[in-house]
Structures are given as C-alpha cells and as structure tokens.
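Enquirer: Here you go, this is protein-v7.json (JSON, C-alpha atoms).
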[["chain", "number", "residue", "atom", "x", "y", "z"],
["A", 1, "MET", "CA", -34.13, 23.89, -70.35],
["A", 2, "ALA", "CA", -36.87, 22.65, -68.09],
["A", 3, "LYS", "CA", -37.67, 24.66, -65.03],
["A", 4, "PRO", "CA", -36.98, 22.78, -61.83],
["A", 5, "ALA", "CA", -40.21, 21.51, -60.36],
["A", 6, "LEU", "CA", -41.62, 23.74, -57.66],
["A", 7, "ARG", "CA", -40.66, 22.32, -54.32],
["A", 8, "LYS", "CA", -43.47, 21.90, -51.84],
["A", 9, "PRO", "CA", -42.52, 23.79, -48.69],
["A", 10, "LYS", "CA", -42.35, 21.50, -45.69],
["A", 11, "LYS", "CA", -45.40, 21.86, -43.53],
["A", 12, "LYS", "CA", -44.42, 23.37, -40.18],
["A", 13, "VAL", "CA", -45.94, 22.10, -36.98],
["A", 14, "CYS", "CA", -47.00, 24.49, -34.25],
["A", 15, "LEU", "CA", -44.38, 24.33, -31.51],
["A", 16, "PHE", "CA", -46.96, 24.71, -28.76],
["A", 17, "CYS", "CA", -49.35, 22.06, -30.06],
["A", 18, "HIS", "CA", -46.39, 19.72, -30.45],
["A", 19, "ASP", "CA", -45.13, 20.30, -26.90],
["A", 20, "LYS", "CA", -48.68, 20.49, -25.51],
["A", 21, "ILE", "CA", -48.12, 23.89, -23.90],
["A", 22, "SER", "CA", -51.47, 25.48, -23.14],
["A", 23, "TYR", "CA", -50.35, 28.74, -21.51],
["A", 24, "VAL", "CA", -47.76, 30.98, -23.10],
["A", 25, "ASP", "CA", -46.00, 32.78, -20.26],
["A", 26, "TYR", "CA", -44.99, 36.38, -20.92],
["A", 27, "LYS", "CA", -42.11, 36.02, -18.42],
["A", 28, "ASP", "CA", -40.40, 33.37, -20.56],
["A", 29, "THR", "CA", -38.42, 35.77, -22.72],
["A", 30, "GLN", "CA", -36.07, 33.05, -23.96],
["A", 31, "LEU", "CA", -38.99, 31.34, -25.65],
["A", 32, "LEU", "CA", -40.64, 34.53, -26.87],
["A", 33, "ARG", "CA", -37.41, 35.76, -28.44],
["A", 34, "LYS", "CA", -37.77, 32.97, -30.99],
["A", 35, "PHE", "CA", -40.93, 34.67, -32.22],
["A", 36, "ILE", "CA", -39.57, 38.18, -32.72],
["A", 37, "SER", "CA", -37.28, 39.38, -35.49],
["A", 38, "ASP", "CA", -33.94, 41.06, -34.80],
["A", 39, "ARG", "CA", -35.72, 44.40, -35.08],
["A", 40, "GLY", "CA", -38.16, 43.37, -32.37],
["A", 41, "LYS", "CA", -41.15, 42.73, -34.60],
["A", 42, "ILE", "CA", -43.46, 39.78, -34.04],
["A", 43, "ARG", "CA", -42.86, 37.08, -36.67],
["A", 44, "ALA", "CA", -45.79, 36.21, -38.90],
["A", 45, "ARG", "CA", -47.54, 32.88, -38.67],
["A", 46, "ARG", "CA", -46.31, 31.79, -42.08],
["A", 47, "VAL", "CA", -42.78, 32.15, -40.68],
["A", 48, "THR", "CA", -43.29, 30.63, -37.25],
["A", 49, "GLY", "CA", -45.71, 27.92, -38.34],
["A", 50, "ASN", "CA", -47.87, 28.37, -35.26],
["A", 51, "CYS", "CA", -51.55, 27.53, -35.27],
["A", 52, "THR", "CA", -54.05, 30.38, -35.11],
["A", 53, "GLN", "CA", -54.75, 30.11, -31.41],
["A", 54, "HIS", "CA", -51.14, 29.79, -30.32],
["A", 55, "GLN", "CA", -49.96, 32.58, -32.60],
["A", 56, "ARG", "CA", -52.51, 34.80, -30.90],
["A", 57, "ASP", "CA", -51.31, 33.67, -27.44],
["A", 58, "VAL", "CA", -47.71, 34.35, -28.41],
["A", 59, "ALA", "CA", -48.59, 37.81, -29.72],
["A", 60, "THR", "CA", -50.36, 38.75, -26.47],
["A", 61, "ALA", "CA", -47.51, 37.37, -24.39],
["A", 62, "ILE", "CA", -44.99, 39.41, -26.38],
["A", 63, "LYS", "CA", -47.09, 42.54, -25.97],
["A", 64, "ASN", "CA", -47.32, 41.93, -22.22],
["A", 65, "ALA", "CA", -43.58, 41.39, -22.02],
["A", 66, "ARG", "CA", -42.99, 44.61, -23.95],
["A", 67, "GLU", "CA", -45.08, 46.55, -21.46],
["A", 68, "MET", "CA", -42.89, 45.26, -18.66],
["A", 69, "ALA", "CA", -39.70, 46.12, -20.58],
["A", 70, "LEU", "CA", -38.71, 42.45, -20.85],
["A", 71, "LEU", "CA", -38.73, 42.66, -24.63],
["A", 72, "PRO", "CA", -38.02, 45.70, -26.80],
["A", 73, "TYR", "CA", -40.67, 47.52, -28.80],
["A", 74, "THR", "CA", -37.97, 48.31, -31.31],
["A", 75, "SER", "CA", -34.32, 47.47, -31.40],
["A", 76, "THR", "CA", -31.88, 49.52, -33.37],
["A", 77, "ALA", "CA", -30.24, 46.86, -35.45],
["A", 78, "ARG", "CA", -28.73, 48.43, -38.58],
["B", 1, "MET", "CA", -61.51, 35.04, -4.24],
["B", 2, "ARG", "CA", -59.33, 34.74, -7.29],
["B", 3, "ARG", "CA", -55.76, 33.90, -8.01],
["B", 4, "TYR", "CA", -53.65, 36.70, -9.41],
["B", 5, "GLU", "CA", -50.13, 37.12, -10.58],
["B", 6, "MET", "CA", -48.61, 40.53, -10.19],
["B", 7, "MET", "CA", -45.35, 41.79, -11.59],
["B", 8, "VAL", "CA", -43.78, 44.91, -10.15],
["B", 9, "ILE", "CA", -40.78, 46.90, -11.36],
["B", 10, "LEU", "CA", -39.20, 48.86, -8.54],
["B", 11, "ASP", "CA", -36.83, 51.80, -8.63],
["B", 12, "PRO", "CA", -33.22, 50.61, -9.09],
["B", 13, "SER", "CA", -31.91, 53.11, -6.52],
["B", 14, "LEU", "CA", -33.69, 51.07, -3.85],
["B", 15, "ASP", "CA", -31.43, 48.79, -1.86],
["B", 16, "GLU", "CA", -31.77, 45.13, -2.82],
["B", 17, "ARG", "CA", -32.34, 44.15, 0.82],
["B", 18, "ALA", "CA", -35.06, 46.77, 1.22],
["B", 19, "VAL", "CA", -37.19, 45.21, -1.53],
["B", 20, "GLN", "CA", -38.82, 42.52, 0.56],
["B", 21, "PRO", "CA", -39.91, 44.84, 3.42],
["B", 22, "THR", "CA", -41.22, 47.40, 0.91],
["B", 23, "LEU", "CA", -43.35, 44.79, -0.84],
["B", 24, "ASP", "CA", -44.55, 43.35, 2.46],
["B", 25, "GLY", "CA", -45.76, 46.81, 3.39],
["B", 26, "PHE", "CA", -47.93, 46.95, 0.28],
["B", 27, "LEU", "CA", -49.11, 43.36, 0.63],
["B", 28, "LYS", "CA", -50.63, 44.15, 4.04],
["B", 29, "VAL", "CA", -53.65, 45.32, 2.04],
["B", 30, "VAL", "CA", -54.13, 41.79, 0.76],
["B", 31, "THR", "CA", -53.71, 39.97, 4.05],
["B", 32, "GLY", "CA", -55.78, 42.59, 5.87],
["B", 33, "ASP", "CA", -58.70, 41.98, 3.52],
["B", 34, "GLY", "CA", -58.73, 38.21, 3.96],
["B", 35, "GLY", "CA", -56.57, 37.37, 0.96],
["B", 36, "SER", "CA", -53.32, 35.47, 1.02],
["B", 37, "VAL", "CA", -49.91, 35.89, -0.57],
["B", 38, "GLU", "CA", -48.61, 32.58, -1.91],
["B", 39, "LYS", "CA", -45.23, 33.54, -3.26],
["B", 40, "VAL", "CA", -43.00, 36.57, -3.60],
["B", 41, "ASP", "CA", -40.25, 36.02, -6.12],
["B", 42, "VAL", "CA", -37.70, 38.82, -6.28],
["B", 43, "TRP", "CA", -35.77, 38.56, -9.55],
["B", 44, "GLY", "CA", -33.37, 41.28, -8.58],
["B", 45, "ARG", "CA", -31.81, 44.00, -10.69],
["B", 46, "ARG", "CA", -32.36, 43.59, -14.40],
["B", 47, "ARG", "CA", -31.70, 45.71, -17.45],
["B", 48, "LEU", "CA", -34.82, 47.17, -19.00],
["B", 49, "SER", "CA", -35.35, 46.83, -22.73],
["B", 50, "TYR", "CA", -36.01, 50.55, -22.85],
["B", 51, "ASP", "CA", -35.77, 53.35, -20.30],
["B", 52, "ILE", "CA", -38.66, 53.85, -17.92],
["B", 53, "ASN", "CA", -38.68, 57.25, -16.18],
["B", 54, "LYS", "CA", -35.15, 57.74, -17.57],
["B", 55, "LYS", "CA", -33.89, 54.68, -15.69],
["B", 56, "PRO", "CA", -32.04, 51.98, -17.59],
["B", 57, "GLU", "CA", -32.64, 49.19, -15.07],
["B", 58, "GLY", "CA", -35.16, 48.07, -12.50],
["B", 59, "ILE", "CA", -35.74, 45.57, -9.73],
["B", 60, "TYR", "CA", -38.28, 42.95, -10.77],
["B", 61, "ALA", "CA", -40.57, 41.07, -8.42],
["B", 62, "VAL", "CA", -43.33, 38.58, -9.19],
["B", 63, "ILE", "CA", -46.04, 38.01, -6.60],
["B", 64, "ASP", "CA", -48.63, 35.24, -6.59],
["B", 65, "LEU", "CA", -51.66, 36.04, -4.50],
["B", 66, "THR", "CA", -55.27, 35.15, -3.85],
["B", 67, "ALA", "CA", -57.66, 37.99, -3.18],
["B", 68, "THR", "CA", -60.94, 39.58, -4.15],
["B", 69, "PRO", "CA", -61.00, 41.76, -7.28],
["B", 70, "ALA", "CA", -61.56, 44.90, -5.20],
["B", 71, "THR", "CA", -58.53, 44.19, -3.03],
["B", 72, "VAL", "CA", -56.26, 43.73, -6.02],
["B", 73, "LYS", "CA", -57.55, 46.93, -7.56],
["B", 74, "GLU", "CA", -56.74, 48.79, -4.35],
["B", 75, "LEU", "CA", -53.26, 47.21, -4.17],
["B", 76, "ASP", "CA", -52.56, 48.21, -7.76],
["B", 77, "ARG", "CA", -53.76, 51.76, -7.09],
["B", 78, "GLN", "CA", -51.49, 52.12, -4.06],
["B", 79, "LEU", "CA", -48.50, 50.75, -5.95],
["B", 80, "ASN", "CA", -49.02, 53.18, -8.80],
["B", 81, "LEU", "CA", -49.18, 56.12, -6.39],
["B", 82, "ASN", "CA", -45.75, 55.25, -5.00],
["B", 83, "GLU", "CA", -42.78, 56.90, -6.68],
["B", 84, "GLY", "CA", -40.53, 53.92, -6.00],
["B", 85, "ILE", "CA", -42.61, 51.72, -8.29],
["B", 86, "LEU", "CA", -41.85, 52.08, -11.98],
["B", 87, "ARG", "CA", -44.51, 49.74, -13.34],
["B", 88, "THR", "CA", -46.99, 47.04, -12.38],
["B", 89, "LYS", "CA", -48.92, 44.36, -14.18],
["B", 90, "VAL", "CA", -51.72, 42.19, -12.83],
["B", 91, "LEU", "CA", -52.73, 38.99, -14.62],
["B", 92, "ARG", "CA", -54.93, 36.00, -13.94],
["B", 93, "PRO", "CA", -52.89, 33.12, -15.32],
["B", 94, "GLU", "CA", -55.75, 30.61, -15.27],
["B", 95, "VAL", "CA", -57.99, 32.54, -17.62],
["B", 96, "HIS", "CA", -55.67, 32.15, -20.55]]
Would you write the structure of this file as structure tokens?

Expert:
Amino acid sequence: MAKPALRKPKKKVCLFCHDKISYVDYKDTQLLRKFISDRGKIRARRVTGNCTQHQRDVATAIKNAREMALLPYTSTAR
Amino acid sequence: MRRYEMMVILDPSLDERAVQPTLDGFLKVVTGDGGSVEKVDVWGRRRLSYDINKKPEGIYAVIDLTATPATVKELDRQLNLNEGILRTKVLRPEVH
C-alpha cells in the first residue's frame, strides 16, 4: 500500500503584517491571549505563524502584561 | 520633553471615587516641572492574574503624559514609595 503523499503545510501569514499593525499594545489582552497557550506559555512562531519581528514584539508585550498582572505567568490548568 | 505612558495599579481598598484625586496629587510633580498630563484613564477595579501583596484585585489607571525623563523618574519613585500603589509601569509607546 502506498503511503499517502506528504501534505505541504499551509503557509501561515503573520497576523500583524497582514493587518498592518506596527505597535503591539501590552494592554490589549484579548489579542495577546491568542498567542499564549492554556497554561500561559507564549506560543512558538511555528504555531502562530508570526514573522520574526512581530513575534518578538508579541513576546515583549506579553511579558509586560504579565508584569502588570494582566496575563498569568502560569495558569493551573490540569 | 518626551511622551510617556504610565500604568498604575492601586490598592483595591481605596475608594473608587478617591482614585482621581490621589492620582492628581502625584501628577502635580509633572505639571509643576513644566510637563503636561494628556489623559488619565481609570479602568476601575479588575481582577489580577496573580496576587500582588496578597491582594487578588487592583484598581488600574493608565496615564498619558509629556515630561522630561528626570520628572518621570521622580514621579515613578514617589509612586513606588506610596503603600497604596501596588505596581507601576512606564513606557514610551513611540519607541516601539
């Protein structure tokens, strides 16, 4: 039986480049929550599909938000 | 003169109506030194993601201001000395 051909994963487009957002605001927790896992960890770029620069901006914004208790450092799921 | 954005978390035991006067008292430092306060946005009581000083919630306020670096440093110092302030953060939104 022939193995099914390896599917090419669909190339993700950086959300911020697409929407032309230049400044990632640390106060926008709704947006930042998309980039953290249910345990509160920052999602990797291969998951989010962000470009290098915007992934870095997101990471700093999340860290700022964590300092101000807007986002959790850890959440006790499971 | 530079534009700054400052976020302050105040003690939740403080009365909601007392927030504005309290902040105004601190912001005298800015206006006294020739700076200006553009906007004071009080978010109100909000649950914290984790306890700060054993308190589960805090009163958030975001302040936009223009001042010299030294003035902002002094404002931040005074805020941190006050027991009614749980946490502060100063950012320059333009730089990023």

Enquirer: Show me which bits of chain B are within 10 Å of chain A, counting all atoms listed in the file, as an MDAnalysis selection string.

Expert: chainID B and resid 7:9 46:52 57:58 60 62 86:89 91 93:96

Enquirer: Keeping only C-alpha atoms, write the selected residues as a JSON list (two decimals), in the coordinates of the input.

Expert:
[["chain", "number", "residue", "atom", "x", "y", "z"],
["B", 7, "MET", "CA", -45.35, 41.79, -11.59],
["B", 8, "VAL", "CA", -43.78, 44.91, -10.15],
["B", 9, "ILE", "CA", -40.78, 46.90, -11.36],
["B", 46, "ARG", "CA", -32.36, 43.59, -14.40],
["B", 47, "ARG", "CA", -31.70, 45.71, -17.45],
["B", 48, "LEU", "CA", -34.82, 47.17, -19.00],
["B", 49, "SER", "CA", -35.35, 46.83, -22.73],
["B", 50, "TYR", "CA", -36.01, 50.55, -22.85],
["B", 51, "ASP", "CA", -35.77, 53.35, -20.30],
["B", 52, "ILE", "CA", -38.66, 53.85, -17.92],
["B", 57, "GLU", "CA", -32.64, 49.19, -15.07],
["B", 58, "GLY", "CA", -35.16, 48.07, -12.50],
["B", 60, "TYR", "CA", -38.28, 42.95, -10.77],
["B", 62, "VAL", "CA", -43.33, 38.58, -9.19],
["B", 86, "LEU", "CA", -41.85, 52.08, -11.98],
["B", 87, "ARG", "CA", -44.51, 49.74, -13.34],
["B", 88, "THR", "CA", -46.99, 47.04, -12.38],
["B", 89, "LYS", "CA", -48.92, 44.36, -14.18],
["B", 91, "LEU", "CA", -52.73, 38.99, -14.62],
["B", 93, "PRO", "CA", -52.89, 33.12, -15.32],
["B", 94, "GLU", "CA", -55.75, 30.61, -15.27],
["B", 95, "VAL", "CA", -57.99, 32.54, -17.62],
["B", 96, "HIS", "CA", -55.67, 32.15, -20.55]]

Enquirer: What is the atom CA of A:Asn50-atom CA of A:Leu6 distance in Å, reported with one decimal?

Expert: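 Going from atom CA of A:Asn50 over to atom CA of A:Leu6 covers 23.7 Å.
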
Enquirer: Just how far from atom CA of A:Gly40 is atom CA of A:Lys63, in Å to one decimal?

Expert: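 About the pair atom CA of A:Lys63 and atom CA of A:Gly40: they are 11.0 Å apart.
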
Enquirer: Interatomic distance between atom CA of A:Ala59 and atom CA of A:Lys8?

Expert: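 Straight-line distance from atom CA of A:Ala59 to atom CA of A:Lys8 works out to 27.7 Å.
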
Enquirer: Centre and edge lengths, as JSON, for the axis-aligned box enclosing every listed atom of stretch 37-53 of chain A with 4 Å of padding on each of the six sides, in Å to one decimal?

Expert:
{"center_x": -44.3, "center_y": 36.0, "center_z": -36.7, "size_x": 28.8, "size_y": 24.9, "size_z": 18.7}

Enquirer: Extract, using only C-alpha atoms, all DNA, RNA and protein residues at most 10 Å from B:Thr68, discarding same-chain residues fewer than 5 positions from it, and format them as a list in words.

Expert: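 Contacts, in chain order: Met1, Arg2, Arg3, Tyr4, Val30, Asp33, Gly34, Gly35 and Lys73 of chain B.
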
Enquirer: Kindly reconstruct stretch 25-36 of chain A with all heavy atoms and present the result as a PDB file, in the coordinates of the input.

Expert:
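Contents of the output file rebuild.pdb:
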ATOM      1  N   ASP A  25     -46.351  31.880 -21.354  1.00  0.00           N
ATOM      2  CA  ASP A  25     -46.000  32.780 -20.260  1.00  0.00           C
ATOM      3  C   ASP A  25     -45.223  33.982 -20.794  1.00  0.00           C
ATOM      4  O   ASP A  25     -44.250  33.813 -21.511  1.00  0.00           O
ATOM      5  CB  ASP A  25     -45.166  32.018 -19.236  1.00  0.00           C
ATOM      6  CG  ASP A  25     -45.032  32.772 -17.936  1.00  0.00           C
ATOM      7  OD1 ASP A  25     -45.585  33.879 -17.841  1.00  0.00           O
ATOM      8  OD2 ASP A  25     -44.386  32.247 -17.013  1.00  0.00           O
ATOM      9  N   TYR A  26     -45.667  35.183 -20.405  1.00  0.00           N
ATOM     10  CA  TYR A  26     -44.990  36.380 -20.920  1.00  0.00           C
ATOM     11  C   TYR A  26     -43.641  36.589 -20.236  1.00  0.00           C
ATOM     12  O   TYR A  26     -42.826  37.382 -20.681  1.00  0.00           O
ATOM     13  CB  TYR A  26     -45.876  37.626 -20.736  1.00  0.00           C
ATOM     14  CG  TYR A  26     -45.993  38.116 -19.317  1.00  0.00           C
ATOM     15  CD1 TYR A  26     -45.259  39.208 -18.869  1.00  0.00           C
ATOM     16  CD2 TYR A  26     -46.844  37.493 -18.420  1.00  0.00           C
ATOM     17  CE1 TYR A  26     -45.364  39.656 -17.567  1.00  0.00           C
ATOM     18  CE2 TYR A  26     -46.947  37.930 -17.123  1.00  0.00           C
ATOM     19  CZ  TYR A  26     -46.206  39.010 -16.702  1.00  0.00           C
ATOM     20  OH  TYR A  26     -46.296  39.448 -15.406  1.00  0.00           O
ATOM     21  N   LYS A  27     -43.385  35.872 -19.125  1.00  0.00           N
ATOM     22  CA  LYS A  27     -42.110  36.020 -18.420  1.00  0.00           C
ATOM     23  C   LYS A  27     -40.995  35.202 -19.068  1.00  0.00           C
ATOM     24  O   LYS A  27     -39.825  35.411 -18.796  1.00  0.00           O
ATOM     25  CB  LYS A  27     -42.277  35.579 -16.958  1.00  0.00           C
ATOM     26  CG  LYS A  27     -43.266  36.422 -16.187  1.00  0.00           C
ATOM     27  CD  LYS A  27     -43.246  36.116 -14.708  1.00  0.00           C
ATOM     28  CE  LYS A  27     -43.731  34.740 -14.343  1.00  0.00           C
ATOM     29  NZ  LYS A  27     -45.119  34.500 -14.706  1.00  0.00           N
ATOM     30  N   ASP A  28     -41.392  34.257 -19.920  1.00  0.00           N
ATOM     31  CA  ASP A  28     -40.400  33.370 -20.560  1.00  0.00           C
ATOM     32  C   ASP A  28     -39.833  34.041 -21.800  1.00  0.00           C
ATOM     33  O   ASP A  28     -40.196  33.724 -22.930  1.00  0.00           O
ATOM     34  CB  ASP A  28     -41.096  32.045 -20.901  1.00  0.00           C
ATOM     35  CG  ASP A  28     -40.111  30.984 -21.358  1.00  0.00           C
ATOM     36  OD1 ASP A  28     -38.914  31.297 -21.456  1.00  0.00           O
ATOM     37  OD2 ASP A  28     -40.550  29.858 -21.622  1.00  0.00           O
ATOM     38  N   THR A  29     -38.916  34.988 -21.583  1.00  0.00           N
ATOM     39  CA  THR A  29     -38.420  35.770 -22.720  1.00  0.00           C
ATOM     40  C   THR A  29     -37.558  34.938 -23.659  1.00  0.00           C
ATOM     41  O   THR A  29     -37.501  35.221 -24.841  1.00  0.00           O
ATOM     42  CB  THR A  29     -37.605  36.980 -22.240  1.00  0.00           C
ATOM     43  OG1 THR A  29     -36.726  36.556 -21.211  1.00  0.00           O
ATOM     44  CG2 THR A  29     -38.493  38.061 -21.718  1.00  0.00           C
ATOM     45  N   GLN A  30     -36.902  33.919 -23.112  1.00  0.00           N
ATOM     46  CA  GLN A  30     -36.070  33.050 -23.960  1.00  0.00           C
ATOM     47  C   GLN A  30     -36.914  32.439 -25.078  1.00  0.00           C
ATOM     48  O   GLN A  30     -36.513  32.423 -26.239  1.00  0.00           O
ATOM     49  CB  GLN A  30     -35.496  31.919 -23.100  1.00  0.00           C
ATOM     50  CG  GLN A  30     -34.480  32.374 -22.094  1.00  0.00           C
ATOM     51  CD  GLN A  30     -33.079  32.092 -22.572  1.00  0.00           C
ATOM     52  OE1 GLN A  30     -32.782  30.973 -22.929  1.00  0.00           O
ATOM     53  NE2 GLN A  30     -32.254  33.104 -22.601  1.00  0.00           N
ATOM     54  N   LEU A  31     -38.090  31.956 -24.684  1.00  0.00           N
ATOM     55  CA  LEU A  31     -38.990  31.340 -25.650  1.00  0.00           C
ATOM     56  C   LEU A  31     -39.557  32.385 -26.612  1.00  0.00           C
ATOM     57  O   LEU A  31     -39.576  32.184 -27.823  1.00  0.00           O
ATOM     58  CB  LEU A  31     -40.126  30.630 -24.903  1.00  0.00           C
ATOM     59  CG  LEU A  31     -41.227  30.023 -25.757  1.00  0.00           C
ATOM     60  CD1 LEU A  31     -40.733  28.739 -26.397  1.00  0.00           C
ATOM     61  CD2 LEU A  31     -42.460  29.741 -24.930  1.00  0.00           C
ATOM     62  N   LEU A  32     -39.983  33.517 -26.048  1.00  0.00           N
ATOM     63  CA  LEU A  32     -40.640  34.530 -26.870  1.00  0.00           C
ATOM     64  C   LEU A  32     -39.683  35.157 -27.876  1.00  0.00           C
ATOM     65  O   LEU A  32     -40.095  35.592 -28.940  1.00  0.00           O
ATOM     66  CB  LEU A  32     -41.250  35.620 -25.982  1.00  0.00           C
ATOM     67  CG  LEU A  32     -42.417  35.175 -25.101  1.00  0.00           C
ATOM     68  CD1 LEU A  32     -42.899  36.326 -24.243  1.00  0.00           C
ATOM     69  CD2 LEU A  32     -43.561  34.643 -25.938  1.00  0.00           C
ATOM     70  N   ARG A  33     -38.397  35.173 -27.521  1.00  0.00           N
ATOM     71  CA  ARG A  33     -37.410  35.760 -28.440  1.00  0.00           C
ATOM     72  C   ARG A  33     -37.336  35.008 -29.761  1.00  0.00           C
ATOM     73  O   ARG A  33     -36.919  35.568 -30.771  1.00  0.00           O
ATOM     74  CB  ARG A  33     -36.034  35.801 -27.773  1.00  0.00           C
ATOM     75  CG  ARG A  33     -35.834  37.107 -27.052  1.00  0.00           C
ATOM     76  CD  ARG A  33     -34.449  37.310 -26.566  1.00  0.00           C
ATOM     77  NE  ARG A  33     -34.444  38.379 -25.555  1.00  0.00           N
ATOM     78  CZ  ARG A  33     -34.442  39.673 -25.856  1.00  0.00           C
ATOM     79  NH1 ARG A  33     -34.393  40.061 -27.095  1.00  0.00           N
ATOM     80  NH2 ARG A  33     -34.477  40.587 -24.908  1.00  0.00           N
ATOM     81  N   LYS A  34     -37.743  33.746 -29.747  1.00  0.00           N
ATOM     82  CA  LYS A  34     -37.770  32.970 -30.990  1.00  0.00           C
ATOM     83  C   LYS A  34     -38.823  33.512 -31.951  1.00  0.00           C
ATOM     84  O   LYS A  34     -38.781  33.240 -33.137  1.00  0.00           O
ATOM     85  CB  LYS A  34     -38.124  31.517 -30.679  1.00  0.00           C
ATOM     86  CG  LYS A  34     -37.000  30.736 -30.062  1.00  0.00           C
ATOM     87  CD  LYS A  34     -37.382  29.263 -30.099  1.00  0.00           C
ATOM     88  CE  LYS A  34     -36.843  28.539 -28.887  1.00  0.00           C
ATOM     89  NZ  LYS A  34     -37.527  27.267 -28.685  1.00  0.00           N
ATOM     90  N   PHE A  35     -39.804  34.233 -31.398  1.00  0.00           N
ATOM     91  CA  PHE A  35     -40.930  34.670 -32.220  1.00  0.00           C
ATOM     92  C   PHE A  35     -40.868  36.154 -32.558  1.00  0.00           C
ATOM     93  O   PHE A  35     -41.855  36.716 -33.016  1.00  0.00           O
ATOM     94  CB  PHE A  35     -42.248  34.329 -31.534  1.00  0.00           C
ATOM     95  CG  PHE A  35     -42.419  32.852 -31.365  1.00  0.00           C
ATOM     96  CD1 PHE A  35     -42.195  32.243 -30.144  1.00  0.00           C
ATOM     97  CD2 PHE A  35     -42.752  32.065 -32.455  1.00  0.00           C
ATOM     98  CE1 PHE A  35     -42.310  30.877 -30.004  1.00  0.00           C
ATOM     99  CE2 PHE A  35     -42.879  30.699 -32.319  1.00  0.00           C
ATOM    100  CZ  PHE A  35     -42.654  30.100 -31.093  1.00  0.00           C
ATOM    101  N   ILE A  36     -39.723  36.792 -32.278  1.00  0.00           N
ATOM    102  CA  ILE A  36     -39.570  38.180 -32.720  1.00  0.00           C
ATOM    103  C   ILE A  36     -38.349  38.260 -33.636  1.00  0.00           C
ATOM    104  O   ILE A  36     -37.408  37.491 -33.502  1.00  0.00           O
ATOM    105  CB  ILE A  36     -39.456  39.178 -31.555  1.00  0.00           C
ATOM    106  CG1 ILE A  36     -38.270  38.849 -30.646  1.00  0.00           C
ATOM    107  CG2 ILE A  36     -40.730  39.252 -30.764  1.00  0.00           C
ATOM    108  CD1 ILE A  36     -38.000  39.921 -29.616  1.00  0.00           C
TER     109      ILE A  36
END
